[in-house]
Number of protein chains: 2
Amino acid sequence: MPDRHSRRRDALRQTVATDGCGAILVSTVVNVGYLTGFSGDSTALIVMADRDLAVSDFRYAEQLQNECPDVPTHIRPVNQKLWAAVADAVGKLGIGNLAFEANGMFVSDHDTMRAALPGVATRGVIGRVEALRAIKDEEEIATIRRAILAAERAFAMFRAGLRLDESEIDAADGMEHYLRRCGSSAAAFEPIVAAGPGSALPHARPAAAGRIGDSDFLLVDWGAIVEGYRSDLTRMLVTAKVGTEFARVYRAVLAAQERAIATIRPGARASEVDAVARAAIDEAGFGGLFGHGLGHGIGLAIHESPWLRPDSDDVLRPGMVLTVEPGIYRTGWGGIRIEDDVLVTPDGAEILTSVPKAIETLSPY
Amino acid sequence: MPDRHSRRRDALRQTVATDGCGAILVSTVVNVGYLTGFSGDSTALIVMADRDLAVSDFRYAEQLQNECPDVPTHIRPVNQKLWAAVADAVGKLGIGNLAFEANGMFVSDHDTMRAALPGVATRGVIGRVEALRAIKDEEEIATIRRAILAAERAFAMFRAGLRLDESEIDAADGMEHYLRRCGSSAAAFEPIVAAGPGSALPHARPAAAGRIGDSDFLLVDWGAIVEGYRSDLTRMLVTAKVGTEFARVYRAVLAAQERAIATIRPGARASEVDAVARAAIDEAGFGGLFGHGLGHGIGLAIHESPWLRPDSDDVLRPGMVLTVEPGIYRTGWGGIRIEDDVLVTPDGAEILTSVPKAIETLSPY
């Protein structure tokens, strides 16, 4: 039986035929990894009707042999740049009509390749590999479950070890350490640890000054990586008793999240799921304070297709795994966000994450 | 006096005029950060003759205000994509001739923007901001020195705490923790900790299985980040006594590095510095086993201009900071690399890194 990477390349081969091209050039690092199992970078993959070729350099020659022995490789010399080597390979393979990843190739690299291949037609395509990646198979879902478990264990360590006299950055450094301790190869992204007013920045960076205990609440957004697959969660912690205003905003965010998750099922439009959360926040009186998309797919990348956004064209399908993360952000006061990872099942949705989020569970530690 | 970011934008403005354009669109995350001090992503910067505009989204509205209050911002609505918003802004600003970063903009994003701006001429340019970034000022050099100090302190912790019964990945996780402990905001890249044969992969990933003590030597490639600026070092550790073959290869690498560093001075061609190291390794009888470039600039990115490579056109100038990292890699046996960070001074070079590398200092711990 062909392995998972070989099956994925075969699935991509179908799209090459549909696009009317002789081959597709895959240049996005994550996509090359998805299709081959290779974990390095600076490597392009050419997928033709009857064969594949990875174009790389000396640094990765042995690693390619170890990680994807069934993919033939062309190792460029140290004095040749990647795109010149790719053009060489495309020419030698006799490809007359080449699809390339228009959202994974820089204008200048495309220009370099085109100039070296005057007789070859190139056609920019978008989302071919991303569409495959959006639907996770059983093995991928099991791996994401492990990435969630690692993140949740790390959060338990984080919560148990948090000190009111430490800074956001020291707490975030702790999370990085706990994630690795709990089986994550690294943090899925720089953990966000934002106390009080700082949490009003959806992508806040941890501060070195100040004590966490000086604020009444703390936003933590973190995730793990297991075998390349990522998890992504956000929870609020309260450092003092739950305030009236905090409770009012928190309940609005939680209700918006629960309502949105209840609409997730195969066939649902991503934009409509987003709209449900947005309407709930509007109705609660916080219109205009939820300024980002409701969520995104997770997998080998921390943000990937599908997109739960007002302008998304995505339709949900079984096997998609996505975050649902509404928030309300008030400058000067702070922000509240709640984020879970959700699997689209054949008949609805399964929330894969399990850290308690009922307001009663947020009692100060 | 204008601040550093404002001075940088003014320097870029000169190139806009030279390029004969009305504005330059900066889309590379690191370049936007260099020019503004903004530490987020998903944000484009338009630099015109008489003004600047950052185009971003809600997530970053407050952060932009905090980090670069002197840069006007346009916050796109949640239902509009970045490149559509950029096109809107370019149209409203009345820009007729727009330079863009050809090696920092995907083909599809460029297509989107072009389609929305039928009357605007766009011109791909390369390396405008990178050329500014390549020359560090006194403040940047001082920050890089701090990033080196953080890395060297972390290495002292690493060496003191290394256990022969731990795996590469546990040792690498330790390095990540020590780096943060020593003032780094994160590891500058995933630390490479590769024992024995695994070190034959220049970009080896740490293994979870096996004990470090089962090999005779260990390659460690690591770096720190301080205020965004990076350091990058490689050292070998011996876990048993120095073997005859190890010593022969190590001396060849060290001699190649020292000879190359001795040629670094303003006006030297980067390709010639690379050639000096390559010739030294050839002469020592290891021709063909040094398959990557000799080094690269470091700064806000871990790999940036200038490039010490056979095919580089760069000429060294005072204020450049670069790695010098020859290596010899033998499949099945292992690899040896030695890497220091070097500043080009007005009359030569200063080695900024100070971890001992004489073979006599490599006694087993």
# chains A, B, ... in the order shown; residues from 1 in each chain; ligands from 1
>>> select_by_dssp(residues="stretch 47-259 of chain A", states="alpha helix (DSSP H)", output="MDAnalysis selection string")
chainID A and resid 61:67 82:92 107:116 128:134 138:161 168:181 244:259
>>> interface_residues(of="chain B", to="chain A", cutoff="9 Å", atoms="only C-alpha atoms", output="PyMOL selection string")
chain B and resi 39-40+57-63+77-81+101-110+124-126+169-170+173-174+176-177+180-181+185-186+190+200-205+290-293+309-312+331
>>> residues_around(residues="stretch 127-140 of chain A", least_positions_apart="5", cutoff="10 Å", atoms="only C-alpha atoms", output="PyMOL selection string")
chain A and resi 4+8-9+11-12+15-16+19+24+26+28+30-32+34-35+100-104+145-146+227-229+297-301+304-306+316-322+343-344
>>> atom_distance(atom1="atom CA of B:Cys182", atom2="atom CA of B:Ile148")
10.6 Å
>>> residues_around(residues="B:Cys68", least_positions_apart="2", cutoff="9 Å", atoms="only C-alpha atoms", output="list in words")
His5, Thr36, Gly37, Phe38, Gln63, Leu64, Gln65, Asn66, Asp70, Val71 and Pro72 of chain B
>>> atom_distance(atom1="atom CA of A:Glu67", atom2="atom CA of B:Ser167")
19.7 Å
>>> residues_around(residues="B:Ile264", least_positions_apart="3", cutoff="8 Å", atoms="only C-alpha atoms", output="list of chain:residue names")
B:Ala260, B:Ile261, B:Ala268, B:Val273, B:Leu316, B:Val344, B:Gly348, B:Ala349
>>> residues_around(residues="A:Val193", least_positions_apart="3", cutoff="7 Å", atoms="only C-alpha atoms", output="ChimeraX atom specification")
/A:168,172,206,218-221
>>> atom_distance(atom1="atom CA of B:Arg265", atom2="atom CA of B:Asp313")
15.5 Å
